[in-house]
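Colleague: Structure in structure tokens, see below.
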Amino acid sequence: MANHIKTIGVLTSGGDAPGMNAAIRAVVRTALGKGLNVQGIRRGYHGLLNEEIINMTARDVSDIIQRGGTILQTARCSEMRTEEGQRKAAGILKKYGIDGLVVIGGDGSFAGAQKLSNLGINTIGIPGTIDLDIDCTEYTIGFDTAVNTAMEAIDKVRDTSTSHERCSVIEVMGRDAGYLALWCGIANGAEQILLPEEHDYDEQQIIKNIVENRKRGKKHYIIINAEGIGDSINMAKRIEEATGMETRATILGHMQRGGSPTCKDRVFASIMGAKAVDLLCEGKTNRVVGFSHGEYIDFDIDEALNMKKEIPEYQYKIAKDLSI
């Protein structure tokens with residue numbers, strides 16, 4: 001089957017994640033080592049539709065494993081959600097002789113890969129998202145770096161919050177998934193964690209807890225708020241008005257996406273990148289590379305897109321128990 005694959009394309013799509021460069025490097029060098037050609041596609045599906053396609057050599061991916069972001073850049077692409085755009089993308093891949101495509105990104109990126117597979121393009125997805133929200137895999141590239149970046153920033157905010165005896169509402173990324181908030185809440189010893197999966201939080205109860213904790217002599221109060229809940233600035237104002245405790249909002253924002261990837265992200269990305277090429281050479285398509293029970297596995301994209309990853313109830317319970 002390996003002889004049917006002569007040229008592999010690789011692109012990064014959706015939000016960038018630390019470790020994407022390590023995955024690109026692994027795809028390029030693994031493919032070249034098998035005697036294949038590699039084409040890099042700039043700016044994700046948007047670049048594919050505009051034929052921003054370049055030949056890649058081993059030297060092109062030198063000295064990138066430690067860099068954040070993605071050397072191929074990334075972009076959103078509404079046109080790829082249309083049948084016309086999907087057919088155009090498949091036609092361009094065939095025009096450039098790209099027999100297999102490696103897509104590094106999240107659910108939205110995999111949806112595009114699924115459509116291309118249905119149009120006869122061999123596609124493999126690599127989970128690259130800081131949100132850790134892809135159910136078929138226990139790990140997604142970028143999460144470890146992002147959560148450590150957020151944790152370190154929250155530690156610093158906590159220092160000044162303690163010094164000034166403040167309440168701090170700290171907003172981390174996570175529009176639809178609360179893994180960053182949950183992990184930071186546990187790692188930073190937060191008193192409250194607000195998750196998009198738990199929209200029915202009781203703000204009055206939070207205010208009551210702050211008042212009671214102050215009576216017991218507690219000098220500060222940390223609330224980790226996921227982006228999907230939002231409204232951090234107004235929330236801080238309401239808490240200050242209700243409790244009389246000085247309250248500040250800190251929105252960490254896109255700093256969580258950047259920075260040099262951790263060892264874990266570099267290693268996972270490298271192995272997943274190599275695995276993607278191996279799968280294409282085995283004749284597989286419409287698959288997602290994943291990690292489960294200590295093994296690197298592959299999963300059907302159709303099934304992966306129909307799964308929904310939930311916050312582990314036991315972990316959330318422990319976060320609450322430890323916040324007392």
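In the structure tokens, the first chain shown is A, the next is B, and so on; residue numbers restart at 1 for each chain, and ligands run from 1 in the order shown.
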Could you list, as a PyMOL selection string, every residue within 12 Å of Glu212 (chain A), counting only C-alpha atoms and ignoring same-chain residues fewer than 6 positions away?
Modeller: chain A and resi 205-206+218-219+221+243+245+324
Colleague: Residues within 6 Å of region 281-292 of chain A, please, as a PyMOL selection string. Count only C-alpha atoms; anything in the same chain fewer than 5 positions from it doesn't count.
Modeller: chain A and resi 1-2+114+117+122-126+137-138+297-301
Colleague: May I have the residues within 12 Å of Ser62 (chain A) as a ChimeraX atom specification, using only C-alpha atoms and disregarding those fewer than 6 positions away in the same chain?
Modeller: /A:21-22,24-26,28-29,56,71
Colleague: Pick out the residues sitting within 8 Å of Ile222 (chain A), and hand them over as a short mmCIF file (atom, residue, chain, number, x, y, z; two decimals) with N, CA and C atoms, in the first residue's frame; count only C-alpha atoms, and ignore anything fewer than 2 positions along from it in its own chain.
Modeller:
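Once everything was written out, this is out12.cif:
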```
data_model
loop_
_atom_site.label_atom_id
_atom_site.label_comp_id
_atom_site.auth_asym_id
_atom_site.auth_seq_id
_atom_site.Cartn_x
_atom_site.Cartn_y
_atom_site.Cartn_z
N ARG A 158 -2.06 35.40 42.21
CA ARG A 158 -2.39 35.03 43.59
C ARG A 158 -1.46 35.74 44.58
N CYS A 167 -10.10 39.61 46.21
CA CYS A 167 -10.69 38.51 45.46
C CYS A 167 -10.25 38.69 44.00
N SER A 168 -9.80 37.63 43.38
CA SER A 168 -9.38 37.69 41.97
C SER A 168 -10.21 36.74 41.13
N VAL A 169 -10.82 37.29 40.09
CA VAL A 169 -11.52 36.48 39.09
C VAL A 169 -10.57 36.35 37.91
N ILE A 170 -10.08 35.13 37.67
CA ILE A 170 -9.07 34.92 36.63
C ILE A 170 -9.67 34.07 35.52
N ALA A 190 -7.60 27.03 43.79
CA ALA A 190 -8.66 28.04 43.71
C ALA A 190 -9.82 27.69 44.63
N GLU A 191 -10.48 28.73 45.12
CA GLU A 191 -11.65 28.53 45.97
C GLU A 191 -12.90 28.22 45.15
N GLN A 192 -12.91 28.63 43.87
CA GLN A 192 -14.09 28.42 43.03
C GLN A 192 -13.65 28.21 41.60
N HIS A 220 -7.69 36.16 51.04
CA HIS A 220 -7.87 36.32 49.60
C HIS A 220 -8.83 35.25 49.09
N ILE A 224 -11.44 30.79 39.40
CA ILE A 224 -11.01 30.48 38.03
C ILE A 224 -12.26 30.41 37.16
#
```
Colleague: May I ask which of the residues A:His164, A:Lys34, A:Arg67, A:Arg43 is the closest one to Pro18 (chain A), counting only C-alpha atoms?
Modeller: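 Of A:His164, A:Lys34, A:Arg67, A:Arg43, the one nearest Pro18 (chain A) is A:Arg67, counting only C-alpha atoms.
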Colleague: Restricting the calculation to only C-alpha atoms: of A:Arg87, A:Lys320, A:Lys6, A:Lys309, which residue gets closest to Tyr179 (chain A)?
Modeller: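 Smallest separation from Tyr179 (chain A) among the options: A:Lys309.
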Colleague: Looking only at the backbone, which of the residues in region 105-243 of chain A does DSSP tag as helix (DSSP H, G or I), as a ChimeraX atom specification?
Modeller: /A:107-118,143-163,179-187,203-215,232-243
Colleague: Nearest to Leu116 (chain A) among A:Lys95, A:Lys88, A:His199, A:His46, with distances taken over only C-alpha atoms: which residue is it?
Modeller: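 When distances to Leu116 (chain A) are compared using only C-alpha atoms, the smallest one comes from A:Lys88.
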Colleague: Could you tell me how far CA of Ile311 (chain A) lies from CA of Gln256 (chain A), in Å and to one decimal?
Modeller: 20.2 Å
Colleague: So how many Å separate CA of Gly40 (chain A) and CA of Ala58 (chain A), to one decimal?
Modeller: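 So the two atoms, CA of Gly40 (chain A) and CA of Ala58 (chain A), lie 11.9 Å apart.
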Colleague: Work out how far apart CA of Lys156 (chain A) and CA of Glu171 (chain A) are and give it in Å to one decimal.
Modeller: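 Separation between CA of Lys156 (chain A) and CA of Glu171 (chain A): 14.0 Å.
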Colleague: Residues within 12 Å of Trp183 (chain A), please, as a PyMOL selection string. Count only C-alpha atoms; anything in the same chain fewer than 2 positions from it doesn't count.
Modeller: chain A and resi 131-132+143-144+146-151+154+172-174+177-181+185-190+193-195+224-226+311-312+315-316+318-319
Colleague: Closest to Ala276 (chain A) among A:Ile210, A:Val10, A:Leu182, A:Met235, using only C-alpha atoms?
Modeller: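 Nearest candidate to Ala276 (chain A) out of A:Ile210, A:Val10, A:Leu182, A:Met235: A:Val10.
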Colleague: Write out as a PDB file with C-alpha atoms, in the first residue's frame the residues lying within 9 Å of Gly112 (chain A), counting only C-alpha atoms and excluding same-chain residues fewer than 4 positions away.
Modeller:
```pdb
ATOM      1  CA  TYR A  45      -7.906  25.247   4.511  1.00  0.00           C
ATOM      2  CA  MET A  80     -14.544  24.922   3.597  1.00  0.00           C
ATOM      3  CA  ARG A  81     -17.910  24.361   5.293  1.00  0.00           C
ATOM      4  CA  GLN A  86     -14.852  21.053  -0.241  1.00  0.00           C
ATOM      5  CA  VAL A 103      -4.532  17.767   9.225  1.00  0.00           C
ATOM      6  CA  ASP A 107     -12.897  19.095  15.770  1.00  0.00           C
ATOM      7  CA  GLY A 108     -13.546  21.739  13.127  1.00  0.00           C
ATOM      8  CA  LEU A 116     -12.099  15.473   1.907  1.00  0.00           C
ATOM      9  CA  SER A 117     -11.925  11.772   2.703  1.00  0.00           C
TER      10      SER A 117
END
```
Colleague: With only C-alpha atoms as the atoms that count, which of A:Glu198, A:Ser78, A:Glu52, A:Glu310 lies nearest to Ile92 (chain A)?
Modeller: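 So, comparing all the options, the nearest one is A:Glu52.
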Colleague: If you run DSSP on the backbone here, which positions in region 89-304 of chain A get strand (DSSP E)? Please write them as a ChimeraX atom specification.
Modeller: /A:100-105,122-127,167-172,192-194,221-226,247-251,287-292,295-300
Colleague: Keeping only N, CA and C atoms, write the selected residues to a file as a short mmCIF file (atom, residue, chain, number, x, y, z; two decimals), in the first residue's frame.
Modeller:
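This went into part_32.cif:
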```
data_model
loop_
_atom_site.label_atom_id
_atom_site.label_comp_id
_atom_site.auth_asym_id
_atom_site.auth_seq_id
_atom_site.Cartn_x
_atom_site.Cartn_y
_atom_site.Cartn_z
N GLY A 100 -1.99 11.95 0.14
CA GLY A 100 -2.42 11.85 1.53
C GLY A 100 -2.27 13.20 2.21
N LEU A 101 -3.21 13.52 3.10
CA LEU A 101 -3.20 14.81 3.78
C LEU A 101 -3.23 14.61 5.29
N VAL A 102 -2.31 15.26 5.99
CA VAL A 102 -2.28 15.25 7.44
C VAL A 102 -2.81 16.60 7.92
N VAL A 103 -3.88 16.56 8.71
CA VAL A 103 -4.53 17.77 9.23
C VAL A 103 -4.29 17.85 10.73
N ILE A 104 -3.62 18.90 11.18
CA ILE A 104 -3.33 19.10 12.60
C ILE A 104 -4.26 20.17 13.12
N GLY A 105 -5.16 19.80 14.05
CA GLY A 105 -6.12 20.77 14.56
C GLY A 105 -7.14 20.09 15.46
N ASN A 122 -7.05 10.72 0.86
CA ASN A 122 -6.63 10.01 2.07
C ASN A 122 -6.27 11.04 3.15
N THR A 123 -6.96 10.99 4.27
CA THR A 123 -6.75 12.01 5.31
C THR A 123 -6.53 11.38 6.68
N ILE A 124 -5.61 11.98 7.43
CA ILE A 124 -5.35 11.59 8.82
C ILE A 124 -5.33 12.86 9.66
N GLY A 125 -6.05 12.86 10.78
CA GLY A 125 -6.06 14.00 11.69
C GLY A 125 -5.15 13.79 12.88
N ILE A 126 -4.50 14.86 13.31
CA ILE A 126 -3.71 14.86 14.54
C ILE A 126 -4.35 15.86 15.48
N PRO A 127 -4.71 15.47 16.71
CA PRO A 127 -5.41 16.38 17.63
C PRO A 127 -4.49 17.46 18.20
N CYS A 167 -10.10 39.61 46.21
CA CYS A 167 -10.69 38.51 45.46
C CYS A 167 -10.25 38.69 44.00
N SER A 168 -9.80 37.63 43.38
CA SER A 168 -9.38 37.69 41.97
C SER A 168 -10.21 36.74 41.13
N VAL A 169 -10.82 37.29 40.09
CA VAL A 169 -11.52 36.48 39.09
C VAL A 169 -10.57 36.35 37.91
N ILE A 170 -10.08 35.13 37.67
CA ILE A 170 -9.07 34.92 36.63
C ILE A 170 -9.67 34.07 35.52
N GLU A 171 -9.76 34.65 34.33
CA GLU A 171 -10.39 33.97 33.20
C GLU A 171 -9.35 33.26 32.35
N VAL A 172 -9.56 31.95 32.17
CA VAL A 172 -8.70 31.14 31.31
C VAL A 172 -9.47 30.77 30.05
N GLN A 192 -12.91 28.63 43.87
CA GLN A 192 -14.09 28.42 43.03
C GLN A 192 -13.65 28.21 41.60
N ILE A 193 -14.29 27.25 40.90
CA ILE A 193 -14.02 27.00 39.49
C ILE A 193 -15.34 27.08 38.74
N LEU A 194 -15.39 27.91 37.70
CA LEU A 194 -16.60 28.05 36.89
C LEU A 194 -16.33 27.46 35.51
N TYR A 221 -9.26 35.38 47.84
CA TYR A 221 -10.21 34.43 47.27
C TYR A 221 -9.95 34.37 45.76
N ILE A 222 -9.70 33.16 45.24
CA ILE A 222 -9.39 32.99 43.82
C ILE A 222 -10.53 32.27 43.13
N ILE A 223 -11.05 32.88 42.06
CA ILE A 223 -12.08 32.27 41.23
C ILE A 223 -11.49 32.04 39.84
N ILE A 224 -11.44 30.79 39.40
CA ILE A 224 -11.01 30.48 38.03
C ILE A 224 -12.26 30.41 37.16
N ASN A 225 -12.33 31.26 36.18
CA ASN A 225 -13.50 31.39 35.33
C ASN A 225 -13.16 31.02 33.89
N ALA A 226 -13.86 30.03 33.34
CA ALA A 226 -13.61 29.63 31.96
C ALA A 226 -14.19 30.66 30.98
N THR A 247 -12.04 43.54 44.47
CA THR A 247 -12.06 42.40 43.53
C THR A 247 -11.57 42.87 42.16
N ARG A 248 -10.68 42.08 41.57
CA ARG A 248 -10.11 42.40 40.27
C ARG A 248 -10.29 41.23 39.32
N ALA A 249 -10.50 41.56 38.05
CA ALA A 249 -10.59 40.53 37.01
C ALA A 249 -9.31 40.53 36.18
N THR A 250 -8.80 39.35 35.89
CA THR A 250 -7.63 39.19 35.04
C THR A 250 -7.98 38.18 33.94
N ILE A 251 -7.89 38.62 32.70
CA ILE A 251 -8.21 37.74 31.57
C ILE A 251 -6.88 37.35 30.91
N ARG A 287 -9.00 8.86 9.51
CA ARG A 287 -8.64 8.43 10.85
C ARG A 287 -8.07 9.61 11.64
N VAL A 288 -8.18 9.51 12.97
CA VAL A 288 -7.57 10.47 13.89
C VAL A 288 -6.54 9.72 14.73
N VAL A 289 -5.35 10.28 14.85
CA VAL A 289 -4.35 9.71 15.75
C VAL A 289 -4.74 10.11 17.18
N GLY A 290 -4.63 9.15 18.09
CA GLY A 290 -4.97 9.45 19.47
C GLY A 290 -4.05 8.75 20.44
N PHE A 291 -4.30 8.97 21.71
CA PHE A 291 -3.52 8.33 22.78
C PHE A 291 -4.50 7.78 23.81
N SER A 292 -4.39 6.49 24.11
CA SER A 292 -5.31 5.87 25.05
C SER A 292 -4.64 4.73 25.79
N GLU A 295 -1.05 3.93 24.91
CA GLU A 295 -0.74 3.54 23.55
C GLU A 295 -1.21 4.61 22.56
N TYR A 296 -0.46 4.74 21.46
CA TYR A 296 -0.87 5.63 20.38
C TYR A 296 -1.75 4.83 19.44
N ILE A 297 -2.95 5.29 19.25
CA ILE A 297 -3.95 4.54 18.49
C ILE A 297 -4.51 5.41 17.36
N ASP A 298 -5.36 4.81 16.51
CA ASP A 298 -6.06 5.61 15.50
C ASP A 298 -7.54 5.30 15.59
N PHE A 299 -8.33 6.31 15.25
CA PHE A 299 -9.77 6.25 15.48
C PHE A 299 -10.49 6.81 14.26
N ASP A 300 -11.65 6.29 13.96
CA ASP A 300 -12.44 6.76 12.83
C ASP A 300 -12.93 8.20 13.07
#
```
Colleague: Restricting the calculation to only C-alpha atoms, which member of A:Ser260, A:Thr7, A:Ser109, A:Thr70 is positioned closest to Thr145 (chain A)?
Modeller: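 Using only C-alpha atoms, the shortest distance to Thr145 (chain A) belongs to A:Ser260.
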